Every structure is written in C-alpha cells, then in structure tokens.
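This is entry25.txt. It holds compact mmCIF, C-alpha atoms.
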# COMPACT_ATOMS: atom_id res chain seq x y z
CA MET N 1 0.00 0.00 0.00
CA SER N 2 1.43 3.35 -0.94
CA ARG N 3 2.18 6.03 1.59
CA ILE N 4 -0.46 8.37 0.12
CA VAL N 5 -3.23 5.76 0.47
CA LYS N 6 -2.22 5.07 4.09
CA LYS N 7 -2.30 8.80 4.88
CA ALA N 8 -5.76 9.17 3.30
CA ASN N 9 -7.06 6.22 5.35
CA THR N 10 -5.60 7.69 8.53
CA GLN N 11 -7.17 11.09 7.82
CA ALA N 12 -10.56 9.47 7.12
CA ARG N 13 -10.38 7.57 10.42
CA GLY N 14 -9.47 10.81 12.22
CA ARG N 15 -12.46 12.64 10.71
CA LEU N 16 -14.75 9.77 11.65
CA ARG N 17 -13.36 9.74 15.22
CA ARG N 18 -13.97 13.51 15.56
CA GLN N 19 -17.54 13.10 14.26
CA GLN N 20 -18.12 10.33 16.81
CA LEU N 21 -16.73 12.50 19.61
CA ILE N 22 -18.94 15.43 18.55
CA ALA N 23 -22.04 13.21 18.49
CA ALA N 24 -21.14 11.76 21.90
CA THR N 25 -20.67 15.26 23.32
CA ARG N 26 -24.10 16.29 22.10
CA ARG N 27 -25.65 13.21 23.71
CA LEU N 28 -23.93 13.93 27.01
CA LEU N 29 -25.01 17.58 26.95
CA ALA N 30 -28.61 16.37 26.85
CA SER N 31 -28.16 14.87 30.33
CA PHE N 32 -25.29 16.71 32.01
CA GLU N 33 -24.16 20.26 32.60
CA LEU N 34 -21.37 21.64 30.47
CA ASP N 35 -18.88 21.77 33.35
CA GLN N 36 -19.63 18.18 34.45
CA ILE N 37 -18.32 16.58 31.26
CA THR N 38 -14.69 15.64 30.69
CA LEU N 39 -12.96 14.51 27.53
CA ALA N 40 -12.64 11.06 29.14
CA ASP N 41 -16.46 10.97 29.56
CA VAL N 42 -16.91 11.85 25.90
CA ALA N 43 -14.43 9.17 24.83
CA ALA N 44 -16.29 6.55 26.88
CA GLU N 45 -19.64 7.64 25.41
CA ALA N 46 -18.19 7.45 21.89
CA GLY N 47 -16.65 4.03 22.51
CA ALA N 48 -13.17 5.40 21.90
CA SER N 49 -10.08 5.30 24.05
CA LYS N 50 -9.15 8.30 26.16
CA GLY N 51 -5.86 8.55 24.24
CA SER N 52 -7.72 8.64 20.96
CA ALA N 53 -9.88 11.51 22.22
CA TYR N 54 -6.81 13.43 23.39
CA HIS N 55 -5.16 12.77 20.03
CA SER N 56 -8.11 14.54 18.34
CA TYR N 57 -8.64 17.33 20.90
CA ALA N 58 -6.29 18.94 23.37
CA ASN N 59 -9.11 19.52 25.88
CA ILE N 60 -12.87 19.58 26.26
CA ALA N 61 -13.07 23.29 25.35
CA GLU N 62 -11.56 22.56 21.94
CA LEU N 63 -14.15 19.84 21.39
CA TYR N 64 -16.94 22.22 22.44
CA MET N 65 -15.71 24.71 19.82
CA ASP N 66 -16.11 22.03 17.13
CA VAL N 67 -19.59 21.18 18.43
CA VAL N 68 -20.55 24.87 18.16
CA GLY N 69 -19.23 24.85 14.59
CA VAL N 70 -21.47 21.90 13.69
CA ILE N 71 -24.45 23.56 15.40
CA GLY N 72 -23.71 26.73 13.43
CA GLN N 73 -23.80 24.77 10.17
CA GLU N 74 -27.13 23.22 11.14
CA LEU N 75 -28.52 26.61 12.14
CA PHE N 76 -27.40 28.13 8.84
CA ALA N 77 -29.01 25.28 6.90
CA ALA N 78 -32.28 25.78 8.79
CA VAL N 79 -32.35 29.55 8.31
CA ALA N 80 -31.20 29.43 4.68
CA ALA N 81 -33.67 26.76 3.57
CA PRO N 82 -35.81 27.94 0.65
CA ILE N 83 -38.88 29.92 1.61
CA GLU N 84 -41.99 28.14 0.44
CA GLU N 85 -44.47 30.26 2.39
CA ASP N 86 -46.32 33.10 0.70
CA LEU N 87 -45.03 36.26 2.38
CA ASP N 88 -46.23 39.82 1.80
CA ASP N 89 -43.57 41.79 3.59
CA TRP N 90 -39.82 41.38 4.01
CA ARG N 91 -40.34 41.54 7.81
CA ASP N 92 -42.15 38.21 7.56
CA ILE N 93 -38.85 36.72 6.39
CA PHE N 94 -37.22 37.91 9.59
CA VAL N 95 -39.94 36.27 11.69
CA LEU N 96 -39.80 33.04 9.67
CA CYS N 97 -36.01 32.78 9.99
CA LEU N 98 -36.20 33.49 13.73
CA ARG N 99 -38.74 30.71 14.13
CA ARG N 100 -36.53 28.29 12.21
CA GLY N 101 -33.50 29.10 14.35
CA THR N 102 -35.51 28.98 17.55
CA ALA N 103 -36.92 25.56 16.64
CA LEU N 104 -33.38 24.22 16.29
CA LEU N 105 -32.29 25.66 19.63
CA VAL N 106 -35.38 24.39 21.43
CA SER N 107 -34.87 20.87 20.09
CA ASP N 108 -31.12 20.65 20.80
CA PRO N 109 -29.93 20.71 24.44
CA ALA N 110 -26.28 20.92 23.34
CA ALA N 111 -27.01 24.08 21.36
CA ARG N 112 -28.87 25.64 24.28
CA GLN N 113 -26.06 24.93 26.72
CA LEU N 114 -23.16 25.91 24.48
CA ILE N 115 -24.63 28.97 22.80
CA HIS N 116 -26.92 30.41 25.47
CA GLY N 117 -26.02 28.63 28.69
CA PRO N 118 -24.65 30.54 31.67
CA LYS N 119 -21.72 28.13 32.03
CA SER N 120 -20.55 28.44 28.44
CA PRO N 121 -17.12 30.10 28.25
CA PRO N 122 -16.94 33.52 26.54
CA ALA N 123 -14.69 32.14 23.79
CA ILE N 124 -17.41 29.69 22.74
CA LYS N 125 -20.08 32.39 22.78
CA ARG N 126 -17.83 34.69 20.72
CA SER N 127 -17.23 31.95 18.18
CA ASP N 128 -20.99 31.71 17.65
CA ARG N 129 -21.27 35.40 16.72
CA ALA N 130 -20.05 34.53 13.23
CA ASN N 131 -23.19 32.38 12.91
CA ASP N 132 -25.32 35.40 13.84
CA LEU N 133 -23.74 37.49 11.11
CA GLN N 134 -24.19 34.71 8.57
CA ALA N 135 -27.89 34.38 9.50
CA ALA N 136 -28.38 38.15 9.21
CA GLN N 137 -26.83 38.10 5.74
CA VAL N 138 -29.21 35.31 4.67
CA ILE N 139 -32.22 37.25 5.95
CA LEU N 140 -31.08 40.36 4.11
CA ALA N 141 -30.52 38.40 0.89
CA PHE N 142 -34.01 36.89 1.14
CA ALA N 143 -35.51 40.33 1.74
CA GLN N 144 -33.73 41.91 -1.21
CA ALA N 145 -34.52 39.04 -3.59
CA GLY N 146 -38.24 38.69 -2.97
CA PRO N 147 -41.23 40.56 -4.38
CA TYR N 148 -42.29 42.15 -1.13
CA ARG N 149 -44.33 45.22 -0.31
CA ASN N 150 -41.38 47.01 1.27
CA LEU N 151 -38.51 46.19 -1.06
CA LYS N 152 -35.82 48.21 0.68
CA PRO N 153 -35.63 47.61 4.40
CA ASP N 154 -34.18 50.51 6.33
CA CYS N 155 -33.20 50.89 9.92
CA ARG N 156 -35.91 53.40 10.76
CA ASP N 157 -37.98 50.36 11.57
CA THR N 158 -37.56 49.78 15.28
CA LEU N 159 -37.32 46.06 14.58
CA LEU N 160 -33.91 46.59 12.99
CA CYS N 161 -32.37 49.54 14.74
CA ASN N 162 -31.94 50.47 18.36
CA ARG N 163 -30.24 53.76 17.47
CA ASN N 164 -32.66 56.61 16.83
CA CYS N 165 -31.27 57.61 13.44
CA ARG N 166 -32.37 58.17 9.84
CA CYS N 167 -29.96 55.77 8.26
CA PRO N 168 -31.11 54.17 4.96
CA VAL N 169 -29.26 50.88 5.57
CA LEU N 170 -29.52 47.85 7.78
CA PRO N 171 -27.26 47.92 10.83
CA PHE N 172 -24.98 45.06 9.70
CA GLY N 173 -21.27 45.53 9.24
CA PRO N 174 -18.82 48.42 9.63
CA ALA N 175 -20.22 50.39 6.68
CA ALA N 176 -23.64 50.50 8.31
CA TRP N 177 -22.17 51.49 11.67
CA GLY N 178 -20.37 54.39 10.03
CA ASN N 179 -23.64 55.66 8.53
CA HIS N 180 -25.33 55.48 11.89
CA ARG N 181 -22.75 57.76 13.45
CA ALA N 182 -22.71 60.18 10.53
CA ASN N 183 -26.48 60.65 10.38
CA GLY N 184 -26.85 61.19 14.10
CA PRO N 185 -30.00 60.90 16.19
CA ARG N 186 -33.49 61.68 14.96
CA ARG N 187 -34.88 65.01 16.04
Final structure tokens representation of the file:
Amino acid sequence: MSRIVKKANTQARGRLRRQQLIAATRRLLASFELDQITLADVAAEAGASKGSAYHSYANIAELYMDVVGVIGQELFAAVAAPIEEDLDDWRDIFVLCLRRGTALLVSDPAARQLIHGPKSPPAIKRSDRANDLQAAQVILAFAQAGPYRNLKPDCRDTLLCNRNCRCPVLPFGPAAWGNHRANGPRR
C-alpha cells in the first residue's frame, strides 16, 4: 500500500473519530451540565479510548468549539432553507427565519447549553457570533430578492435599529455602523 493511500485512510479515520466524539458530546449535553463533562467521559460515550480523544482534541473546550461549529452549520441550513411560504412583507422573512432558528435551539440541548447557557465560556459564545452574522446576511438576501411590499428595508424600523437615526441601511457591518454615526439621532 502506498504512503499516500495510508495517509488518506488515517485522515478518514481521524475525521470519523472527531464526528463520533462530537455526536457523543451532544448526547452527554442532553443529560449533564457543560462543566460536568470531561474529555474522558466523551471518549467513553463514543466508545473510543481516552488517548484517541486526546489525540483529536487537546481539551474539552476545543471539542466544544467544534460542536458549536457543527451547530452553526445546522442553524445556517435551517435559516437558509428555501422559503416556500407566501409572504407579503420582508419583515415576515425575519420572523420566519427566527422561528426556524428557535426551533433548532429548542430541540437541541447541546445548542442551548453551548450557545446560550450561563456556564458556556466567553470564547465559545464569541465563536458563535459569526453564525449570527451569517444568518443576518441570509435574511437580508431573502428580503432583497423577494417581491415584497417594502422592497428596501431601512433601519428606521424599530425592529432593525436600536439607534434613533435616519440611516437608509440595515445595521450590519462596519459600513452600516459608520452611517449610523454620521447621520446622528433623529430630532
């Protein structure tokens, strides 16, 4: 067997092991608190050796980061699924996407603990902010692509803006923040 084939097999086994550890972590988070679980517990739940788990992850926090990444992918898939409902207003897209994301969080104890739980480390919560931005971009793309009554959402709608300004853009990204400051408060 050539060296390249052996390396590919080893990498495939490593990916499979990480997937098994992620699935085991999610199962454990359904029954235990975040701070009660060790990497050894996850390895036992996955049917892997402790050494194999430590070969894949340096510590439980690193594993939790990968779990959040998988949850983020699932959340994105739920929010970005095609809209089959008949919607009149772009704001209905916002509500629909929120419901989709909420349904995922309600049904997944691992997501609730890692993303919103009080024991979740700040680094994990920060890593999930990229998912928030991605979801906001999907909602905006849906709103701009559809034949809705209000074709151009603007931040004067209190739903989108907590700054009292007259900015003609959504408050996403540095360009939007700059416009908020330049336009100043409403008088």
Provide the atom CA of Pro82 of chain N to atom CA of Ala130 of chain N distance in Å, to one decimal place.
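The value is 21.2 Å.
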Between atom CA of Asp66 of chain N and atom CA of Gln19 of chain N, what is the spacing in Å?
9.5 Å
Which residues are near segment 107-117 of chain N? Cut-off 8 Å, all atoms listed in the file, ignore same chain within fewer than 2 positions. Put them as a PyMOL selection string.
chain N and resi 25-27+29-30+33-34+64+68+71+103-105+119-120+124-125+128
When distances are computed from all atoms listed in the file, which of N:Leu21, N:Ala43, N:Val106, N:Leu96 shows the smallest separation from Val138 of chain N?
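For Val138 of chain N, the nearest of the candidates is N:Leu96.
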Kindly give the distance, in Å, that separates atom CA of Leu39 of chain N and atom CA of Thr102 of chain N, rounded to a single decimal.
28.6 Å
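Among the candidates N:Phe32, N:Ala53, N:Ala80, N:Ser127, the one nearest to Leu16 of chain N when counting all atoms listed in the file is N:Ala53.
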